[in-house]
file target_33.cif (mmCIF, C-alpha atoms and all ligand atoms)
data_protein
#
loop_
_atom_site.group_PDB
_atom_site.id
_atom_site.type_symbol
_atom_site.label_atom_id
_atom_site.label_comp_id
_atom_site.auth_asym_id
_atom_site.auth_seq_id
_atom_site.Cartn_x
_atom_site.Cartn_y
_atom_site.Cartn_z
ATOM 1 C CA MET Z 1 -4.436 -20.916 19.851
ATOM 2 C CA LEU Z 2 -3.313 -22.824 16.809
ATOM 3 C CA ILE Z 3 -6.805 -22.600 15.322
ATOM 4 C CA ILE Z 4 -6.882 -18.848 15.775
ATOM 5 C CA GLU Z 5 -3.499 -18.553 14.108
ATOM 6 C CA LEU Z 6 -4.679 -20.782 11.310
ATOM 7 C CA LEU Z 7 -7.818 -18.710 10.782
ATOM 8 C CA ASN Z 8 -5.692 -15.580 10.737
ATOM 9 C CA LEU Z 9 -3.442 -17.164 8.173
ATOM 10 C CA LEU Z 10 -6.355 -17.984 5.915
ATOM 11 C CA SER Z 11 -8.189 -14.720 6.375
ATOM 12 C CA ARG Z 12 -6.637 -12.874 3.465
ATOM 13 C CA MET Z 13 -5.989 -13.666 -0.168
ATOM 14 C CA ALA Z 14 -2.446 -13.898 1.046
ATOM 15 C CA HIS Z 15 -1.867 -15.576 4.361
ATOM 16 C CA SER Z 16 -1.741 -13.123 7.182
ATOM 17 C CA GLY Z 17 -1.614 -13.222 10.939
ATOM 18 C CA VAL Z 18 -0.854 -11.212 14.023
ATOM 19 C CA HIS Z 19 2.170 -12.558 15.794
ATOM 20 C CA LYS Z 20 1.717 -11.368 19.370
ATOM 21 C CA ASP Z 21 3.715 -8.183 19.887
ATOM 22 C CA ARG Z 22 6.121 -8.947 17.100
ATOM 23 C CA GLY Z 23 3.889 -7.543 14.449
ATOM 24 C CA GLU Z 24 1.512 -8.502 11.692
ATOM 25 C CA LEU Z 25 2.753 -11.088 9.214
ATOM 26 C CA ARG Z 26 1.679 -10.823 5.596
ATOM 27 C CA ILE Z 27 2.851 -13.896 3.737
ATOM 28 C CA HIS Z 28 2.601 -13.846 -0.045
ATOM 29 C CA GLU Z 29 2.639 -16.573 -2.649
ATOM 30 C CA ASN Z 30 5.139 -14.751 -4.818
ATOM 31 C CA LEU Z 31 6.961 -11.462 -5.343
ATOM 32 C CA ASP Z 32 4.264 -10.152 -7.642
ATOM 33 C CA GLU Z 33 1.570 -10.417 -4.955
ATOM 34 C CA LEU Z 34 3.945 -9.009 -2.370
ATOM 35 C CA GLY Z 35 4.699 -6.006 -4.577
ATOM 36 C CA THR Z 36 1.005 -5.318 -5.093
ATOM 37 C CA ASP Z 37 0.214 -5.510 -1.378
ATOM 38 C CA LEU Z 38 3.245 -3.376 -0.450
ATOM 39 C CA ALA Z 39 2.281 -0.640 -2.922
ATOM 40 C CA GLU Z 40 -1.291 -0.635 -1.594
ATOM 41 C CA TYR Z 41 -0.033 -0.455 2.011
ATOM 42 C CA ILE Z 42 2.300 2.464 1.288
ATOM 43 C CA ALA Z 43 -0.348 4.306 -0.727
ATOM 44 C CA GLU Z 44 -2.887 3.942 2.106
ATOM 45 C CA LEU Z 45 -0.430 5.218 4.734
ATOM 46 C CA SER Z 46 0.498 8.110 2.481
ATOM 47 C CA GLU Z 47 -3.153 9.068 2.074
ATOM 48 C CA ALA Z 48 -3.838 8.845 5.814
ATOM 49 C CA SER Z 49 -0.748 10.899 6.734
ATOM 50 C CA VAL Z 50 -1.433 13.591 4.164
ATOM 51 C CA LYS Z 51 -5.019 13.846 5.420
ATOM 52 C CA GLU Z 52 -3.904 14.168 9.062
ATOM 53 C CA ARG Z 53 -0.661 16.105 8.843
ATOM 54 C CA GLY Z 54 -0.457 17.450 5.300
ATOM 55 C CA VAL Z 55 2.738 15.526 4.584
ATOM 56 C CA PHE Z 56 4.045 11.942 4.436
ATOM 57 C CA THR Z 57 7.478 11.268 5.915
ATOM 58 C CA ILE Z 58 8.932 7.992 4.718
ATOM 59 C CA ALA Z 59 12.360 6.516 5.387
ATOM 60 C CA ILE Z 60 13.629 3.815 3.069
ATOM 61 C CA SER Z 61 16.749 1.692 2.906
ATOM 62 C CA GLY Z 62 18.513 -0.265 0.187
ATOM 63 C CA GLY Z 63 18.616 -3.815 -1.125
ATOM 64 C CA SER Z 64 15.742 -5.556 -2.868
ATOM 65 C CA LEU Z 65 13.226 -3.259 -1.154
ATOM 66 C CA ILE Z 66 13.317 -0.596 -3.880
ATOM 67 C CA GLY Z 67 12.604 -3.127 -6.628
ATOM 68 C CA LEU Z 68 9.674 -4.480 -4.622
ATOM 69 C CA MET Z 69 8.243 -0.935 -4.394
ATOM 70 C CA GLY Z 70 8.196 -0.714 -8.188
ATOM 71 C CA ARG Z 71 4.428 -0.921 -8.529
ATOM 72 C CA LEU Z 72 4.192 2.576 -7.037
ATOM 73 C CA CYS Z 73 5.598 3.907 -10.328
ATOM 74 C CA GLU Z 74 2.709 2.349 -12.224
ATOM 75 C CA ALA Z 75 -0.980 3.100 -12.595
ATOM 76 C CA PRO Z 76 -2.958 3.839 -10.535
ATOM 77 C CA TYR Z 77 -0.403 4.869 -7.881
ATOM 78 C CA ASN Z 78 1.711 7.083 -10.110
ATOM 79 C CA LYS Z 79 -1.394 9.303 -10.385
ATOM 80 C CA THR Z 80 -3.329 8.731 -7.156
ATOM 81 C CA VAL Z 81 -0.481 9.114 -4.645
ATOM 82 C CA ASP Z 82 0.082 12.728 -3.548
ATOM 83 C CA TRP Z 83 3.782 12.658 -4.399
ATOM 84 C CA ALA Z 84 4.327 16.369 -3.753
ATOM 85 C CA LYS Z 85 3.583 15.750 -0.061
ATOM 86 C CA TRP Z 86 6.244 13.051 0.316
ATOM 87 C CA TYR Z 87 9.434 13.709 2.291
ATOM 88 C CA ILE Z 88 11.961 10.947 1.665
ATOM 89 C CA PHE Z 89 14.691 9.910 4.110
ATOM 90 C CA TRP Z 90 17.124 7.041 4.376
ATOM 91 C CA ALA Z 91 17.051 4.727 7.388
ATOM 92 C CA ASP Z 92 20.589 3.856 6.410
ATOM 93 C CA GLU Z 93 23.025 4.915 3.757
ATOM 94 C CA ARG Z 94 26.436 3.888 2.549
ATOM 95 C CA VAL Z 95 29.039 6.646 2.820
ATOM 96 C CA VAL Z 96 29.927 6.683 -0.876
ATOM 97 C CA ALA Z 97 29.351 9.176 -3.689
ATOM 98 C CA LYS Z 98 25.712 9.522 -4.741
ATOM 99 C CA THR Z 99 26.706 8.258 -8.175
ATOM 100 C CA HIS Z 100 28.322 5.085 -6.757
ATOM 101 C CA ALA Z 101 26.686 1.701 -7.399
ATOM 102 C CA ASP Z 102 26.585 1.086 -3.613
ATOM 103 C CA SER Z 103 24.628 4.276 -2.868
ATOM 104 C CA ASN Z 104 21.125 3.662 -1.502
ATOM 105 C CA TYR Z 105 20.226 7.119 -2.813
ATOM 106 C CA LYS Z 106 21.219 6.126 -6.342
ATOM 107 C CA LEU Z 107 19.275 2.878 -6.057
ATOM 108 C CA ALA Z 108 16.110 4.728 -5.014
ATOM 109 C CA LYS Z 109 16.644 7.523 -7.507
ATOM 110 C CA ASP Z 110 17.043 5.158 -10.454
ATOM 111 C CA GLY Z 111 14.354 2.686 -9.378
ATOM 112 C CA LEU Z 112 11.679 4.965 -7.928
ATOM 113 C CA LEU Z 113 12.261 8.666 -7.377
ATOM 114 C CA SER Z 114 13.065 9.515 -11.001
ATOM 115 C CA LYS Z 115 9.786 7.889 -12.081
ATOM 116 C CA VAL Z 116 7.350 9.758 -9.837
ATOM 117 C CA PRO Z 117 6.813 13.492 -9.241
ATOM 118 C CA VAL Z 118 8.530 13.722 -5.839
ATOM 119 C CA LEU Z 119 9.920 17.225 -5.218
ATOM 120 C CA PRO Z 120 13.731 17.273 -5.313
ATOM 121 C CA SER Z 121 13.748 19.574 -2.264
ATOM 122 C CA HIS Z 122 11.900 16.871 -0.287
ATOM 123 C CA VAL Z 123 14.519 14.231 -1.001
ATOM 124 C CA ASN Z 124 16.706 14.218 2.094
ATOM 125 C CA SER Z 125 19.919 12.468 1.142
ATOM 126 C CA ILE Z 126 23.213 12.491 3.034
ATOM 127 C CA ASN Z 127 26.153 14.771 2.371
ATOM 128 C CA ASP Z 128 28.395 12.448 0.381
ATOM 129 C CA SER Z 129 31.533 14.584 0.536
ATOM 130 C CA VAL Z 130 32.333 14.225 4.242
ATOM 131 C CA SER Z 131 33.396 11.439 6.617
ATOM 132 C CA ALA Z 132 30.924 8.881 7.994
ATOM 133 C CA GLU Z 133 30.919 10.613 11.376
ATOM 134 C CA GLU Z 134 30.282 14.035 9.860
ATOM 135 C CA ALA Z 135 27.630 12.644 7.523
ATOM 136 C CA ALA Z 136 25.766 11.093 10.486
ATOM 137 C CA ASP Z 137 25.970 14.328 12.524
ATOM 138 C CA ASP Z 138 24.865 16.382 9.549
ATOM 139 C CA TYR Z 139 21.943 14.063 8.810
ATOM 140 C CA GLU Z 140 20.777 14.103 12.425
ATOM 141 C CA PHE Z 141 21.003 17.909 12.458
ATOM 142 C CA HIS Z 142 18.927 18.024 9.292
ATOM 143 C CA VAL Z 143 16.287 15.686 10.760
ATOM 144 C CA ARG Z 144 16.201 17.872 13.908
ATOM 145 C CA GLN Z 145 15.383 20.938 11.819
ATOM 146 C CA LEU Z 146 12.447 19.124 10.242
ATOM 147 C CA VAL Z 147 11.245 17.899 13.635
ATOM 148 C CA LYS Z 148 11.362 21.494 14.933
ATOM 149 C CA THR Z 149 9.057 22.616 12.144
ATOM 150 C CA ARG Z 150 6.965 19.444 12.632
ATOM 151 C CA THR Z 151 7.406 18.377 9.041
ATOM 152 C CA ILE Z 152 8.423 15.217 10.878
ATOM 153 C CA ASN Z 153 6.131 14.521 13.842
ATOM 154 C CA VAL Z 154 7.646 13.903 17.264
ATOM 155 C CA SER Z 155 7.135 10.989 19.632
ATOM 156 C CA ASP Z 156 5.189 11.757 22.787
ATOM 157 C CA ILE Z 157 7.265 9.314 24.869
ATOM 158 C CA SER Z 158 10.771 10.263 23.789
ATOM 159 C CA ASP Z 159 11.924 13.342 21.940
ATOM 160 C CA CYS Z 160 12.552 11.126 18.920
ATOM 161 C CA PRO Z 161 11.281 11.852 15.429
ATOM 162 C CA LYS Z 162 8.125 9.934 14.603
ATOM 163 C CA PHE Z 163 8.309 9.038 10.929
ATOM 164 C CA ASP Z 164 5.040 8.111 9.285
ATOM 165 C CA LEU Z 165 6.683 5.011 7.797
ATOM 166 C CA ILE Z 166 10.095 3.386 8.027
ATOM 167 C CA LEU Z 167 10.676 0.653 5.451
ATOM 168 C CA LEU Z 168 13.395 -1.880 6.188
ATOM 169 C CA GLY Z 169 14.835 -4.983 4.604
ATOM 170 C CA MET Z 170 16.629 -7.684 6.587
ATOM 171 C CA GLY Z 171 19.813 -9.620 5.904
ATOM 172 C CA PRO Z 172 20.286 -13.380 6.397
ATOM 173 C CA ASP Z 173 22.194 -12.435 9.591
ATOM 174 C CA GLY Z 174 19.139 -10.563 10.919
ATOM 175 C CA HIS Z 175 20.577 -7.070 10.372
ATOM 176 C CA VAL Z 176 18.217 -4.183 9.625
ATOM 177 C CA ALA Z 177 19.225 -0.721 8.363
ATOM 178 C CA SER Z 178 22.973 -0.812 9.169
ATOM 179 C CA LEU Z 179 22.425 -2.295 12.617
ATOM 180 C CA PHE Z 180 24.432 -5.512 12.563
ATOM 181 C CA PRO Z 181 24.357 -8.366 15.111
ATOM 182 C CA ASN Z 182 26.500 -7.853 18.211
ATOM 183 C CA HIS Z 183 27.526 -4.368 17.121
ATOM 184 C CA PRO Z 184 27.707 -1.637 19.797
ATOM 185 C CA VAL Z 185 25.387 0.608 17.709
ATOM 186 C CA LEU Z 186 22.538 -1.619 18.897
ATOM 187 C CA ASP Z 187 22.975 -0.025 22.330
ATOM 188 C CA GLU Z 188 22.922 3.566 21.093
ATOM 189 C CA LYS Z 189 20.264 5.403 23.094
ATOM 190 C CA ASP Z 190 21.075 9.078 22.589
ATOM 191 C CA GLU Z 191 21.867 9.641 18.946
ATOM 192 C CA TRP Z 192 19.181 9.554 16.273
ATOM 193 C CA VAL Z 193 21.602 8.886 13.474
ATOM 194 C CA THR Z 194 24.938 7.202 14.013
ATOM 195 C CA PHE Z 195 27.755 5.795 11.889
ATOM 196 C CA ILE Z 196 29.830 2.657 11.566
ATOM 197 C CA THR Z 197 33.146 2.169 9.793
ATOM 198 C CA ASP Z 198 33.335 -1.612 10.184
ATOM 199 C CA SER Z 199 30.268 -2.980 8.443
ATOM 200 C CA PRO Z 200 30.641 -6.753 8.006
ATOM 201 C CA LYS Z 201 29.027 -6.236 4.623
ATOM 202 C CA SER Z 202 30.762 -3.981 2.092
ATOM 203 C CA PRO Z 203 30.995 -0.997 1.925
ATOM 204 C CA PRO Z 204 32.322 -0.625 5.500
ATOM 205 C CA GLU Z 205 31.300 2.996 6.146
ATOM 206 C CA ARG Z 206 27.622 3.678 6.700
ATOM 207 C CA ILE Z 207 25.243 5.876 8.585
ATOM 208 C CA THR Z 208 22.102 4.466 10.163
ATOM 209 C CA PHE Z 209 19.025 5.388 12.146
ATOM 210 C CA THR Z 210 19.305 4.041 15.685
ATOM 211 C CA LEU Z 211 16.792 1.696 17.324
ATOM 212 C CA PRO Z 212 15.109 4.479 19.353
ATOM 213 C CA VAL Z 213 14.261 6.286 16.089
ATOM 214 C CA ILE Z 214 13.063 3.146 14.331
ATOM 215 C CA ASN Z 215 10.937 2.197 17.330
ATOM 216 C CA SER Z 216 9.383 5.669 17.558
ATOM 217 C CA ALA Z 217 7.904 5.517 14.051
ATOM 218 C CA SER Z 218 4.151 5.396 13.475
ATOM 219 C CA ASN Z 219 4.630 2.459 11.122
ATOM 220 C CA VAL Z 220 7.531 0.132 10.446
ATOM 221 C CA ALA Z 221 7.464 -2.433 7.657
ATOM 222 C CA VAL Z 222 10.130 -5.092 7.231
ATOM 223 C CA VAL Z 223 10.167 -6.568 3.732
ATOM 224 C CA VAL Z 224 11.929 -9.915 3.432
ATOM 225 C CA THR Z 225 12.053 -12.408 0.571
ATOM 226 C CA GLY Z 226 13.948 -15.580 -0.237
ATOM 227 C CA GLU Z 227 14.915 -18.784 1.485
ATOM 228 C CA SER Z 228 18.312 -17.496 2.666
ATOM 229 C CA LYS Z 229 16.468 -15.290 5.150
ATOM 230 C CA ALA Z 230 13.956 -17.870 6.411
ATOM 231 C CA GLU Z 231 15.948 -18.776 9.528
ATOM 232 C CA ALA Z 232 16.409 -15.112 10.493
ATOM 233 C CA VAL Z 233 12.662 -14.456 9.999
ATOM 234 C CA HIS Z 234 11.938 -17.369 12.351
ATOM 235 C CA LEU Z 235 14.408 -16.089 14.950
ATOM 236 C CA ALA Z 236 13.087 -12.527 14.659
ATOM 237 C CA THR Z 237 9.380 -13.268 14.954
ATOM 238 C CA ASP Z 238 8.733 -16.652 16.569
ATOM 239 C CA ASP Z 239 8.855 -17.533 20.241
ATOM 240 C CA VAL Z 240 12.450 -18.627 20.532
ATOM 241 C CA GLY Z 241 14.926 -18.839 23.390
ATOM 242 C CA PRO Z 242 16.620 -15.842 24.990
ATOM 243 C CA ASP Z 243 19.716 -16.384 22.820
ATOM 244 C CA CYS Z 244 18.058 -14.541 19.968
ATOM 245 C CA LEU Z 245 16.899 -11.547 21.919
ATOM 246 C CA SER Z 246 19.678 -9.401 20.522
ATOM 247 C CA LEU Z 247 19.043 -10.213 16.861
ATOM 248 C CA PRO Z 248 18.706 -6.720 15.366
ATOM 249 C CA ALA Z 249 15.449 -7.526 13.520
ATOM 250 C CA ARG Z 250 13.958 -8.788 16.778
ATOM 251 C CA LEU Z 251 14.743 -5.458 18.426
ATOM 252 C CA VAL Z 252 12.451 -3.706 15.954
ATOM 253 C CA ARG Z 253 9.376 -3.142 18.103
ATOM 254 C CA PRO Z 254 7.649 0.182 17.595
ATOM 255 C CA ILE Z 255 6.572 1.438 21.018
ATOM 256 C CA ARG Z 256 3.313 3.046 19.911
ATOM 257 C CA GLY Z 257 3.488 2.281 16.216
ATOM 258 C CA LYS Z 258 2.487 -0.632 14.055
ATOM 259 C CA LEU Z 259 4.904 -3.272 12.730
ATOM 260 C CA VAL Z 260 4.142 -5.259 9.582
ATOM 261 C CA TRP Z 261 6.299 -7.991 8.050
ATOM 262 C CA PHE Z 262 5.943 -8.484 4.291
ATOM 263 C CA LEU Z 263 7.232 -11.962 3.488
ATOM 264 C CA ASP Z 264 7.201 -14.270 0.517
ATOM 265 C CA LYS Z 265 6.533 -17.989 1.024
ATOM 266 C CA LEU Z 266 10.235 -18.823 1.009
ATOM 267 C CA ALA Z 267 11.156 -16.273 3.669
ATOM 268 C CA ALA Z 268 8.228 -17.557 5.756
ATOM 269 C CA SER Z 269 9.113 -21.228 5.272
ATOM 270 C CA LYS Z 270 10.759 -21.711 8.691
ATOM 271 C CA LEU Z 271 8.130 -19.943 10.776
ATOM 272 C CA ASP Z 272 6.560 -22.014 13.533
ATOM 273 C CA GLY Z 273 3.338 -23.397 12.113
ATOM 274 C CA SER Z 274 4.269 -22.608 8.532
ATOM 275 C CA GLN Z 275 3.521 -26.238 7.656
ATOM 276 C CA PHE Z 276 -0.175 -25.451 8.270
ATOM 277 C CA SER Z 277 -0.330 -22.484 5.937
ATOM 278 C CA GLU Z 278 -0.516 -24.313 2.640
HETATM 279 C C1 LIG X 1 1.617 5.700 -14.937
HETATM 280 O O1 LIG X 1 2.075 4.407 -15.253
HETATM 281 C C2 LIG X 1 1.484 3.867 -16.421
HETATM 282 C C3 LIG X 1 1.993 2.427 -16.551
HETATM 283 O O2 LIG X 1 1.499 1.647 -15.521
HETATM 284 C C4 LIG X 1 1.851 4.714 -17.611
HETATM 285 O O3 LIG X 1 1.207 4.217 -18.762
HETATM 286 C C5 LIG X 1 1.392 6.149 -17.366
HETATM 287 O O4 LIG X 1 1.839 6.975 -18.394
HETATM 288 C C6 LIG X 1 1.936 6.671 -16.042
HETATM 289 N N1 LIG X 1 1.356 7.962 -15.755
HETATM 290 C C7 LIG X 1 2.070 8.974 -15.300
HETATM 291 C C8 LIG X 1 1.295 10.218 -14.969
HETATM 292 O O5 LIG X 1 3.283 8.932 -15.160
HETATM 293 C C1 LIG X 2 28.781 18.886 2.532
HETATM 294 O O1 LIG X 2 29.714 19.253 3.498
HETATM 295 C C2 LIG X 2 30.727 20.103 2.994
HETATM 296 C C3 LIG X 2 31.760 20.259 4.107
HETATM 297 O O2 LIG X 2 31.158 20.691 5.295
HETATM 298 C C4 LIG X 2 30.098 21.424 2.592
HETATM 299 O O3 LIG X 2 31.099 22.286 2.066
HETATM 300 C C5 LIG X 2 29.060 21.145 1.507
HETATM 301 O O4 LIG X 2 28.370 22.336 1.199
HETATM 302 C C6 LIG X 2 28.063 20.125 2.004
HETATM 303 N N1 LIG X 2 27.215 19.737 0.890
HETATM 304 C C7 LIG X 2 25.907 19.819 0.957
HETATM 305 C C8 LIG X 2 25.168 19.354 -0.252
HETATM 306 O O5 LIG X 2 25.312 20.227 1.936
HETATM 307 C C1 LIG X 3 1.959 13.369 16.195
HETATM 308 O O1 LIG X 3 2.441 12.620 17.263
HETATM 309 C C2 LIG X 3 1.662 12.782 18.438
HETATM 310 C C3 LIG X 3 2.332 12.069 19.593
HETATM 311 O O2 LIG X 3 3.511 11.458 19.289
HETATM 312 C C4 LIG X 3 0.299 12.186 18.210
HETATM 313 O O3 LIG X 3 -0.498 12.337 19.362
HETATM 314 C C5 LIG X 3 -0.330 12.922 17.047
HETATM 315 O O4 LIG X 3 -1.566 12.303 16.727
HETATM 316 C C6 LIG X 3 0.574 12.918 15.832
HETATM 317 N N1 LIG X 3 -0.008 13.812 14.877
HETATM 318 C C7 LIG X 3 -0.508 13.411 13.764
HETATM 319 C C8 LIG X 3 -1.282 14.458 13.053
HETATM 320 O O5 LIG X 3 -0.340 12.277 13.331
#
call {"tool": "encode", "arguments": {"input": "target_33.cif", "output": "structure tokens"}}
result
Amino acid sequence: MLIIELLNLLSRMAHSGVHKDRGELRIHENLDELGTDLAEYIAELSEASVKERGVFTIAISGGSLIGLMGRLCEAPYNKTVDWAKWYIFWADERVVAKTHADSNYKLAKDGLLSKVPVLPSHVNSINDSVSAEEAADDYEFHVRQLVKTRTINVSDISDCPKFDLILLGMGPDGHVASLFPNHPVLDEKDEWVTFITDSPKSPPERITFTLPVINSASNVAVVVTGESKAEAVHLATDDVGPDCLSLPARLVRPIRGKLVWFLDKLAASKLDGSQFSE
């Protein structure tokens, strides 16, 4: 068992392994290597989706993720990726003006979308002039329209949208998107997009994809760097006691899709067996 894990870890330039049903782990020496691998991963999924469906539907979130996607704005990806076929969504968004420093839209626009030829009409941002509840309803309605026309594929087990890729970060508390530990939104089964007004992290008002939508995606990648998140990575991916079963990041388990964790060495430093990966 340990030997197989060890061989898996050594089998790539970066360490990599398959962690039972909790996804593939790609552990990188540094942020530079992680950024290169992440860009290659996204570019490959984009190519495969465009070939199969004619479009690529990708949901992103905020935080350090956008910076780590920066290589996509550079050669060769800025030319080779079929940007006109991308449809961009947000797995979560802060209910603030699109010009506000806290806006995930602004972060992505400044760091990525303004640097590549994505079509403005394919950038699906929230309505920033209404309440959190209205913004969530409006966003879900919008996603439903695109599912009806099959711009977004649909899951064959639920009626949920099946995004080609959902990219998430994770907080030191194990939150993903705006799904925070012990929050009732974790139990939401019916809505695709919901809202919170009591985020433990500022700003308090947010909208977020629910777990059924995240877990219906074809691909989910969780990108986590830094030592402050090492304990949460361990609790989210290792075999730990039942106490951790409700950690939001641990509830990310695509039903038919593929889950990949992109980690740097620091974020991976508390994984079981990480002492063997040097
Ligand atoms: C792509 O990025 C490179 C830098 O990596 C830049 O020199 C080039 O002009 C860019 N090409 C396009 C089409 O934006
Ligand atoms: C946002 O919602 C308001 C109120 O319903 C509406 O007047 C406005 O047109 C919407 N904005 C966009 C960009 O859809
Ligand atoms: C769309 O989703 C269905 C089931 O959820 C799947 O069978 C099909 O292959 C998907 N279509 C494409 C072109 O990816």
call {"tool": "residues_around", "arguments": {"input": "target_33.cif", "residues": "segment 262-274 of chain Z", "least_positions_apart": "6", "cutoff": "7 Å", "atoms": "only C-alpha atoms", "output": "list in words"}}
result
Leu25, Arg26, Ile27, His28, Glu29, Asn30, Leu31, Leu34, Val222, Val223, Val224, Thr225, Gly226, Glu227, Lys229, Ala230, Glu231, Val233, His234 and Asp238 of chain Z
call {"tool": "residues_near_ligand", "arguments": {"input": "target_33.cif", "ligand": "ligand LIG 3 (chain X)", "cutoff": "8 Å", "atoms": "only C-alpha atoms and all ligand atoms", "output": "PyMOL selection string"}}
result
chain Z and resi 49+52-53+153-157+162+164
call {"tool": "axis_aligned_box", "arguments": {"input": "target_33.cif", "around": "ligand LIG 1 (chain X)", "padding_each_side": "3 Å", "output": "AutoDock Vina command-line options"}}
result
--center_x 2.2 --center_y 5.9 --center_z -16.8 --size_x 8.1 --size_y 14.6 --size_z 9.8
call {"tool": "closest_residue", "arguments": {"input": "target_33.cif", "among": "Z:Leu112, Z:Ile152, Z:Ala91, Z:Ala236", "to": "Thr57 of chain Z", "atoms": "only C-alpha atoms"}}
result
Z:Ile152
call {"tool": "resolve_selection", "arguments": {"input": "target_33.cif", "expression": "the PyMOL selection byres (((not hetatm)) within 6 of (chain X and resi 2))", "output": "number ranges by chain"}}
result
Z: 127, 129-130
call {"tool": "resolve_selection", "arguments": {"input": "target_33.cif", "expression": "the PyMOL selection byres (((not hetatm)) within 12 of (chain X and resi 1))", "output": "PyMOL selection string"}}
result
chain Z and resi 70-83+112-118
call {"tool": "residues_around", "arguments": {"input": "target_33.cif", "residues": "Val50 of chain Z", "least_positions_apart": "5", "cutoff": "7 Å", "atoms": "all atoms listed in the file", "output": "NGL selection string"}}
result
:Z and (55-56 or 85)
call {"tool": "closest_residue", "arguments": {"input": "target_33.cif", "among": "Z:Ile60, Z:Leu251, Z:Leu107, Z:Leu245", "to": "Trp90 of chain Z", "atoms": "all atoms listed in the file"}}
result
Z:Ile60
call {"tool": "resolve_selection", "arguments": {"input": "target_33.cif", "expression": "the PyMOL selection byres (((chain Z and resi 197) around 9) and not hetatm)", "output": "number ranges by chain"}}
result
Z: 132-133, 195-196, 198-199, 203-207
call {"tool": "atom_distance", "arguments": {"input": "target_33.cif", "atom1": "atom CA of Tyr139 of chain Z", "atom2": "atom CA of Ile126 of chain Z"}}
result
6.1 Å
call {"tool": "closest_residue", "arguments": {"input": "target_33.cif", "among": "Z:Gly54, Z:Gly241, Z:Asp110, Z:Ile214", "to": "Arg150 of chain Z", "atoms": "only C-alpha atoms"}}
result
Z:Gly54
call {"tool": "atom_distance", "arguments": {"input": "target_33.cif", "atom1": "atom CA of Asn124 of chain Z", "atom2": "atom CA of Ser178 of chain Z"}}
result
17.8 Å
call {"tool": "atom_distance", "arguments": {"input": "target_33.cif", "atom1": "atom CA of Ala217 of chain Z", "atom2": "atom CA of Pro161 of chain Z"}}
result
7.3 Å
